[in-house]
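Participant: To start, I am sharing the structure in question, which I have written as structure tokens.
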Amino acid sequence: MTLSDVSTDSAARPTGLESEVARRRTFAIISHPDAGKTTLTEKLLLFGGAIQLAGQVKARGERRRTRSDWMSIERDRGISVVTSVMTFEYDGRVFNLLDTPGHEDFSEDTYRTLTAVDSAVMVIDAAKGIEDRTRKLFEVCRLRDIPIVTFINKMDRETRDPFEVLDEIEKTLALDTAPITWPIGGGRDFLGTYDLRAGNVRLMNASGDSHEDLVPEEGIDALLAGRGMSAIRDELDLAREACPEFDLEAFRAGTMTPVFWGSALRNFGIKDLLEGLGTFAPPPRDQAADRRLVHAAEEKMTAFVFKIQANMDPNHRDRIAFVRLCSGRLERGMKVRHVRTAKQMSLHTPQFFFAQERHIADEAFAGDVVGIPNHGTLRIGDTLTEGEDITFVGVPSFAPEILRRVRLEDAMKAKKLKQALQELAEEGVVQVFRPVDGSPALVGFVGALQLDVLQNRLANEYGLTVGFEGSQYSLARWVAAETARDLEEFLEANRTATAEDVDGDPVLLSTSNYALNYVKEKWKKLRFTDIKEVQ
Ligand code: G4P
């Protein structure tokens, strides 16, 4: 029997689906730049034994060199390929780490990636506490009830008081903390961590890689006395008594976070974190579709597109759609239904990504992420199934914070520009709003860096030289109404200030918050939203 025979005969599928799904953990790392996400990622991969060290280190070096030159990263796409999805195994579990783009700008890609994970690791710099971007990303996780595991990093440097750090998490994020380990000292005196449940100590040795170096409860006093740190004993006792017990249900509901302390640079605390992630973090969750809830261990394959990447390989002008499998098992060569167009497509070359390499994926399970090469058929938010007519909901678009008009150097190329903008909008690089009164289209950006990206890609890929002009409008909001009639009435009355987005959905353009509020007051039956979810 050939592989394709098997793929059409669902009864012949192996029964291991449930256990394959149950052992998967699909997560992202959220953090403020410089907190140590890259370092931690490397160390997680090292522990997982999956790292191709040379490739990874090179990639890191490349990223460092070009950190301030994001465009060149975009251009050769090296870093995106490297860091899209990383899969590794540890202790019988399969971990899929989805990377969020490394640049510092607010990015839709980052937020969409969070729709494709089941949990997140929040990395916090022990000296800095909760920073701006961490808070923003956390809010997105909270919207989706994504459980968070916290790793407090850089304990080998001067840090703040651990109680103070936890207090800040609780106050600023309204998230209960349940430390699983407790740091012993900090900075140059960072000895290791105390396991609050087992009551023993894991010591960091000079080389930093000392996970097996366990000191049992009875030896702790002597250890601390020997280092002149007896005073710490009270802190350990206090931590054990005062900190709440870890509650799995509260964690899974997104209201409590288990906390681990360590030093990614010194390779310390990583194993605790991995074990915590394996034990506490949920396997692939049930996923809401328009007609029903889809369970991960269902026999039939379903998936949705959360990210599109163009020109990953300069030799092929292809686009890769990153899909998250929500249920079942994907097999190379299988035929699937592309629900939006109701057409069938064959998955000839689904791919896994690792380091600089792509591999053909012969099979994948719910929770996994695969790349599907295509020429623009697949869009963000699209659903793939084995035939069922359902669409997954909840992949968001965010209202732009910047609106511009595109100024074309060569007016003869207007048609080409329209086509290019359509393609790039479908890919999620830019949002395009076409005013219904026929005036020129507006482009919308969520972060300022996106302007450079658009300009650059229009030049390189479409041969179009463009500049940007300000627009009288500064805000765009999607408009929704209970009845088609309410909507029509609104659109009729506001023709000059409404536009259609790439899907043809109505958008209100507004010159200021004041003007927006005025419209909201006047049209109370309608909703004006700054997040649009595919539904
Ligand atoms: P990011 O991806 O979150 O932006 O952070 P990244 O891992 O790149 O780390 C930012 C800086 O913090 C790096 O230093 C890195 O070496 C350092 N770092 C990460 N984890 C730890 C830790 O546990 N302890 C200490 N002491 N430092 C840590 P850099 O100076 O920017 O780069 P490099 O020259 O050291 O590579």
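Convention: chains lettered A, B, ... in structure tokens order; per-chain residue numbering from 1; ligands numbered from 1 as shown.
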Write out as a PDB file with N, CA and C atoms, in the first residue's frame the residues lying within 7 Å of Val507 in chain A, counting only C-alpha atoms and excluding same-chain residues fewer than 3 positions away.
Facilitator:
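result11.pdb, written as the output of this step:
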```
ATOM      1  N   ALA A 476      -9.114  53.987  11.713  1.00  0.00           N
ATOM      2  CA  ALA A 476     -10.006  53.111  10.950  1.00  0.00           C
ATOM      3  C   ALA A 476     -10.643  52.131  11.926  1.00  0.00           C
ATOM      4  N   ARG A 477     -11.942  51.936  11.796  1.00  0.00           N
ATOM      5  CA  ARG A 477     -12.642  50.984  12.670  1.00  0.00           C
ATOM      6  C   ARG A 477     -13.573  50.117  11.842  1.00  0.00           C
ATOM      7  N   TRP A 478     -13.579  48.822  12.102  1.00  0.00           N
ATOM      8  CA  TRP A 478     -14.514  47.950  11.408  1.00  0.00           C
ATOM      9  C   TRP A 478     -15.924  48.215  11.944  1.00  0.00           C
ATOM     10  N   VAL A 479     -16.871  48.160  11.048  1.00  0.00           N
ATOM     11  CA  VAL A 479     -18.251  48.479  11.430  1.00  0.00           C
ATOM     12  C   VAL A 479     -19.086  47.201  11.388  1.00  0.00           C
ATOM     13  N   THR A 498     -16.341  56.070   4.492  1.00  0.00           N
ATOM     14  CA  THR A 498     -16.276  54.619   4.655  1.00  0.00           C
ATOM     15  C   THR A 498     -15.470  53.982   3.532  1.00  0.00           C
ATOM     16  N   ALA A 499     -14.910  52.835   3.872  1.00  0.00           N
ATOM     17  CA  ALA A 499     -14.070  52.129   2.909  1.00  0.00           C
ATOM     18  C   ALA A 499     -14.309  50.633   3.080  1.00  0.00           C
ATOM     19  N   GLU A 500     -13.743  49.863   2.146  1.00  0.00           N
ATOM     20  CA  GLU A 500     -13.810  48.402   2.280  1.00  0.00           C
ATOM     21  C   GLU A 500     -12.409  47.862   2.502  1.00  0.00           C
ATOM     22  N   ASP A 501     -12.301  46.866   3.370  1.00  0.00           N
ATOM     23  CA  ASP A 501     -10.982  46.261   3.560  1.00  0.00           C
ATOM     24  C   ASP A 501     -10.775  45.168   2.509  1.00  0.00           C
TER      25      ASP A 501
END
```
Participant: Applying 10 Å and only C-alpha atoms, which residues near Val432 in chain A remain after dropping the ones on its own chain fewer than 6 positions away? List them as a list in words.
Facilitator: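 Here the answer would be Leu403, Arg404, Arg405, Lys418, Leu421, Gln422, Leu424, Ala425, Glu426, Ala441, Leu442, Val443, Gly444, Phe445, Ala499, Glu500, Asp501, Val502 and Asp503 of chain A.
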Participant: Kindly export the residues of the current selection with C-alpha atoms, as a short mmCIF file (atom, residue, chain, number, x, y, z; two decimals), in the first residue's frame.
Facilitator:
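Writing done, so here's selection-v4.cif:
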```cif
data_model
loop_
_atom_site.label_atom_id
_atom_site.label_comp_id
_atom_site.auth_asym_id
_atom_site.auth_seq_id
_atom_site.Cartn_x
_atom_site.Cartn_y
_atom_site.Cartn_z
CA LEU A 403 -2.95 55.59 7.71
CA ARG A 404 -1.28 56.81 4.52
CA ARG A 405 -1.88 57.27 0.83
CA LYS A 418 -3.39 47.84 -7.06
CA LEU A 421 -1.27 45.97 -2.63
CA GLN A 422 -3.97 43.34 -2.88
CA LEU A 424 0.54 42.13 0.14
CA ALA A 425 -2.69 42.78 2.03
CA GLU A 426 -3.66 39.13 1.68
CA ALA A 441 -6.94 53.62 -1.57
CA LEU A 442 -5.43 54.15 1.87
CA VAL A 443 -2.87 51.84 3.35
CA GLY A 444 -2.86 51.08 7.06
CA PHE A 445 0.00 50.03 9.30
CA ALA A 499 -14.07 52.13 2.91
CA GLU A 500 -13.81 48.40 2.28
CA ASP A 501 -10.98 46.26 3.56
CA VAL A 502 -9.32 43.45 1.60
CA ASP A 503 -12.25 41.12 2.33
#
```
Participant: Write as a VMD selection string the residues around ligand 1, taking 9 Å as the cut-off and counting only C-alpha atoms and all ligand atoms.
Facilitator: chain A and resid 30 to 42 60 to 61 64 102 to 104 123 125 152 to 158 187 262 to 268
Participant: Would you write out those residues with N, CA and C atoms, as a compact mmCIF listing (two decimals), in the first residue's frame?
Facilitator:
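Result file is result-v3.txt:
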```
# COMPACT_ATOMS: atom_id res chain seq x y z
N ILE A 30 6.94 35.06 25.24
CA ILE A 30 6.65 36.50 25.19
C ILE A 30 7.62 37.22 26.13
N SER A 31 8.12 38.34 25.66
CA SER A 31 9.06 39.09 26.50
C SER A 31 9.30 40.46 25.91
N HIS A 32 9.92 41.31 26.68
CA HIS A 32 10.38 42.60 26.20
C HIS A 32 11.76 42.36 25.56
N PRO A 33 12.11 43.12 24.52
CA PRO A 33 13.43 42.93 23.93
C PRO A 33 14.53 42.98 24.99
N ASP A 34 15.50 42.08 24.84
CA ASP A 34 16.67 42.03 25.71
C ASP A 34 16.46 41.25 27.01
N ALA A 35 15.25 40.77 27.24
CA ALA A 35 15.03 40.01 28.48
C ALA A 35 15.69 38.64 28.40
N GLY A 36 15.99 38.19 27.17
CA GLY A 36 16.70 36.91 27.05
C GLY A 36 15.95 35.85 26.25
N LYS A 37 15.02 36.27 25.41
CA LYS A 37 14.24 35.29 24.64
C LYS A 37 15.12 34.43 23.73
N THR A 38 16.04 35.08 23.03
CA THR A 38 16.89 34.34 22.10
C THR A 38 17.77 33.34 22.85
N THR A 39 18.34 33.81 23.93
CA THR A 39 19.22 32.94 24.72
C THR A 39 18.42 31.76 25.27
N LEU A 40 17.25 32.03 25.80
CA LEU A 40 16.43 30.96 26.35
C LEU A 40 16.02 29.97 25.26
N THR A 41 15.66 30.48 24.09
CA THR A 41 15.27 29.60 22.99
C THR A 41 16.40 28.63 22.67
N GLU A 42 17.60 29.19 22.55
CA GLU A 42 18.76 28.33 22.26
C GLU A 42 18.93 27.25 23.31
N ARG A 60 22.13 33.32 15.08
CA ARG A 60 22.15 34.31 16.15
C ARG A 60 23.13 35.43 15.82
N GLY A 61 24.28 35.00 15.32
CA GLY A 61 25.30 35.98 14.95
C GLY A 61 24.76 36.91 13.88
N ARG A 64 22.40 39.35 15.34
CA ARG A 64 23.06 40.40 16.11
C ARG A 64 23.62 41.47 15.17
N GLY A 102 11.33 39.07 15.88
CA GLY A 102 12.28 39.61 16.85
C GLY A 102 12.34 41.13 16.91
N HIS A 103 11.83 41.81 15.89
CA HIS A 103 11.98 43.26 15.92
C HIS A 103 11.06 43.88 16.97
N GLU A 104 11.36 45.11 17.27
CA GLU A 104 10.74 45.66 18.48
C GLU A 104 9.39 46.31 18.24
N VAL A 123 9.09 35.61 29.71
CA VAL A 123 10.45 35.81 30.23
C VAL A 123 10.57 37.22 30.78
N ASP A 125 13.11 39.96 32.87
CA ASP A 125 14.45 40.31 33.36
C ASP A 125 14.32 40.61 34.86
N ILE A 152 11.86 33.85 35.32
CA ILE A 152 12.53 35.10 35.70
C ILE A 152 14.02 34.90 35.46
N ASN A 153 14.50 35.66 34.49
CA ASN A 153 15.83 35.42 33.93
C ASN A 153 16.88 36.39 34.49
N LYS A 154 18.10 36.09 34.20
CA LYS A 154 19.26 36.92 34.55
C LYS A 154 19.48 36.99 36.06
N MET A 155 19.21 35.86 36.75
CA MET A 155 19.44 35.84 38.19
C MET A 155 20.92 35.93 38.52
N ASP A 156 21.78 35.72 37.53
CA ASP A 156 23.22 35.81 37.79
C ASP A 156 23.70 37.26 37.79
N ARG A 157 22.76 38.19 37.52
CA ARG A 157 23.14 39.62 37.58
C ARG A 157 22.41 40.27 38.75
N GLU A 158 22.71 41.52 39.00
CA GLU A 158 22.01 42.21 40.10
C GLU A 158 20.52 42.17 39.83
N GLY A 187 22.72 37.80 41.54
CA GLY A 187 23.97 38.41 41.08
C GLY A 187 25.13 37.46 41.28
N GLY A 262 15.98 31.60 37.05
CA GLY A 262 17.19 31.02 36.50
C GLY A 262 18.01 32.01 35.71
N SER A 263 18.94 31.45 34.96
CA SER A 263 19.80 32.26 34.12
C SER A 263 19.96 31.53 32.80
N ALA A 264 19.35 32.07 31.77
CA ALA A 264 19.44 31.42 30.45
C ALA A 264 20.89 31.39 30.00
N LEU A 265 21.58 32.48 30.25
CA LEU A 265 22.97 32.57 29.82
C LEU A 265 23.82 31.48 30.47
N ARG A 266 23.59 31.27 31.75
CA ARG A 266 24.37 30.28 32.49
C ARG A 266 23.73 28.90 32.41
N ASN A 267 22.70 28.78 31.61
CA ASN A 267 22.08 27.47 31.38
C ASN A 267 21.43 26.91 32.64
N PHE A 268 20.98 27.79 33.48
CA PHE A 268 20.45 27.33 34.76
C PHE A 268 18.96 27.60 34.90
```
Participant: Enter the distance from CA of Thr257 in chain A to CA of Ser230 in chain A, in Å, rounded to one decimal.
Facilitator: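 One can read the CA of Thr257 in chain A to CA of Ser230 in chain A distance as 29.0 Å.
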Participant: Separation of CA of Val140 in chain A and CA of Val85 in chain A, in Å?
Facilitator: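 One can read the CA of Val140 in chain A to CA of Val85 in chain A distance as 19.8 Å.
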Participant: Quick one: pull the distance between CA of Asp382 in chain A and CA of His295 in chain A, Å, one decimal.
Facilitator: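 Interatomic distance, CA of Asp382 in chain A to CA of His295 in chain A: 18.2 Å.
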Participant: Which of range 453-500 of chain A counts as strand (DSSP E or B) under DSSP, as number ranges by chain please?
Facilitator: A: 466-470, 475-480, 498-500
Participant: Create the file for the chosen residues now, containing C-alpha atoms and written as a compact mmCIF listing (two decimals), in the first residue's frame.
Facilitator:
```
# COMPACT_ATOMS: atom_id res chain seq x y z
CA VAL A 466 6.52 54.64 -4.00
CA GLY A 467 6.39 57.25 -1.30
CA PHE A 468 3.75 57.89 1.34
CA GLU A 469 1.53 60.88 1.94
CA GLY A 470 -0.42 61.80 5.00
CA LEU A 475 -8.29 56.10 12.51
CA ALA A 476 -10.01 53.11 10.95
CA ARG A 477 -12.64 50.98 12.67
CA TRP A 478 -14.51 47.95 11.41
CA VAL A 479 -18.25 48.48 11.43
CA ALA A 480 -20.71 45.80 12.47
CA THR A 498 -16.28 54.62 4.66
CA ALA A 499 -14.07 52.13 2.91
CA GLU A 500 -13.81 48.40 2.28
```
Participant: Could you pull the residues within 7 Å of Leu97 in chain A, counting only C-alpha atoms, minus those fewer than 4 positions along the same chain, as a ChimeraX atom specification?
Facilitator: /A:26-28,85-87
Participant: Pick out the closest residue to Gly428 in chain A from this set: A:Ile372, A:Ile308, A:Ala497, A:Ala116. Count only C-alpha atoms.
Facilitator: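 Checking each candidate against Gly428 in chain A, we get A:Ile308 as the closest.
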Participant: If you count only C-alpha atoms, which residues fall within 9 Å of Cys326 in chain A, apart from same-chain ones fewer than 3 positions away, as a list in words?
Facilitator: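 Contacts, with the query itself left out: Pro284, Arg285, Asp286, Gln287, Val294, His295, Ala296, Ala297, Met301, Thr302, Ala303, Phe304, Phe365, Ala366, Gly367 and Asp368 of chain A.
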Participant: Go ahead and write the residues just picked, N, CA and C atoms, as a PDB file, in the first residue's frame.
Facilitator:
```
ATOM      1  N   PRO A 284      -2.707  20.221  22.920  1.00  0.00           N
ATOM      2  CA  PRO A 284      -3.514  20.998  21.969  1.00  0.00           C
ATOM      3  C   PRO A 284      -4.964  21.142  22.416  1.00  0.00           C
ATOM      4  N   ARG A 285      -5.414  22.363  22.420  1.00  0.00           N
ATOM      5  CA  ARG A 285      -6.733  22.670  22.982  1.00  0.00           C
ATOM      6  C   ARG A 285      -7.837  22.446  21.946  1.00  0.00           C
ATOM      7  N   ASP A 286      -9.062  22.473  22.445  1.00  0.00           N
ATOM      8  CA  ASP A 286     -10.200  22.483  21.540  1.00  0.00           C
ATOM      9  C   ASP A 286     -10.247  23.849  20.883  1.00  0.00           C
ATOM     10  N   GLN A 287     -10.691  23.868  19.643  1.00  0.00           N
ATOM     11  CA  GLN A 287     -10.625  25.124  18.894  1.00  0.00           C
ATOM     12  C   GLN A 287     -12.019  25.499  18.383  1.00  0.00           C
ATOM     13  N   VAL A 294     -14.033  22.147  17.773  1.00  0.00           N
ATOM     14  CA  VAL A 294     -13.286  21.021  17.211  1.00  0.00           C
ATOM     15  C   VAL A 294     -12.328  20.478  18.271  1.00  0.00           C
ATOM     16  N   HIS A 295     -12.400  19.181  18.528  1.00  0.00           N
ATOM     17  CA  HIS A 295     -11.521  18.570  19.528  1.00  0.00           C
ATOM     18  C   HIS A 295     -10.233  18.088  18.863  1.00  0.00           C
ATOM     19  N   ALA A 296      -9.135  18.293  19.563  1.00  0.00           N
ATOM     20  CA  ALA A 296      -7.833  18.017  18.961  1.00  0.00           C
ATOM     21  C   ALA A 296      -7.669  16.552  18.554  1.00  0.00           C
ATOM     22  N   ALA A 297      -8.243  15.642  19.320  1.00  0.00           N
ATOM     23  CA  ALA A 297      -8.003  14.217  19.028  1.00  0.00           C
ATOM     24  C   ALA A 297      -9.023  13.641  18.043  1.00  0.00           C
ATOM     25  N   MET A 301      -8.564  15.616   9.980  1.00  0.00           N
ATOM     26  CA  MET A 301      -7.638  16.727  10.067  1.00  0.00           C
ATOM     27  C   MET A 301      -8.362  18.062   9.835  1.00  0.00           C
ATOM     28  N   THR A 302      -8.076  19.034  10.688  1.00  0.00           N
ATOM     29  CA  THR A 302      -8.488  20.412  10.424  1.00  0.00           C
ATOM     30  C   THR A 302      -7.306  21.313  10.766  1.00  0.00           C
ATOM     31  N   ALA A 303      -7.267  22.482  10.123  1.00  0.00           N
ATOM     32  CA  ALA A 303      -6.147  23.399  10.364  1.00  0.00           C
ATOM     33  C   ALA A 303      -6.555  24.806   9.956  1.00  0.00           C
ATOM     34  N   PHE A 304      -5.838  25.813  10.483  1.00  0.00           N
ATOM     35  CA  PHE A 304      -6.073  27.172   9.987  1.00  0.00           C
ATOM     36  C   PHE A 304      -4.746  27.881   9.735  1.00  0.00           C
ATOM     37  N   PHE A 365       0.620  16.134  13.468  1.00  0.00           N
ATOM     38  CA  PHE A 365      -0.561  15.914  14.314  1.00  0.00           C
ATOM     39  C   PHE A 365      -1.083  17.239  14.860  1.00  0.00           C
ATOM     40  N   ALA A 366      -2.293  17.162  15.390  1.00  0.00           N
ATOM     41  CA  ALA A 366      -2.886  18.350  16.004  1.00  0.00           C
ATOM     42  C   ALA A 366      -1.873  18.988  16.950  1.00  0.00           C
ATOM     43  N   GLY A 367      -1.738  20.282  16.877  1.00  0.00           N
ATOM     44  CA  GLY A 367      -0.748  20.996  17.691  1.00  0.00           C
ATOM     45  C   GLY A 367       0.468  21.369  16.873  1.00  0.00           C
ATOM     46  N   ASP A 368       0.752  20.605  15.818  1.00  0.00           N
ATOM     47  CA  ASP A 368       1.928  20.902  15.000  1.00  0.00           C
ATOM     48  C   ASP A 368       1.650  22.072  14.050  1.00  0.00           C
TER      49      ASP A 368
END
```
Participant: Quick one: everything within 9 Å of Ala253 in chain A, counting only C-alpha atoms, minus sequence neighbours fewer than 2 positions away in the same chain. Send it as a ChimeraX atom specification.
Facilitator: /A:145-147,248-251,255-256
Participant: Near Pro244 in chain A, counting only C-alpha atoms, which residues have an atom at most 12 Å away, once you skip same-chain residues fewer than 2 positions from it, shown as number ranges by chain?
Facilitator: A: 166, 176-180, 196-197, 238-242, 246-247, 250, 256-259
Participant: Considering only C-alpha atoms, state which residue in the set A:Ile169, A:Ala198, A:Ala281, A:Val369 is at the smallest distance from Arg23 in chain A.
Facilitator: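 Of all the options, A:Ala281 lies closest to Arg23 in chain A.
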Participant: From a backbone DSSP assignment, name each residue in range 255-487 of chain A labelled alpha helix (DSSP H), as a PyMOL selection string.
Facilitator: chain A and resi 270-280+414-427+449-462+484-487
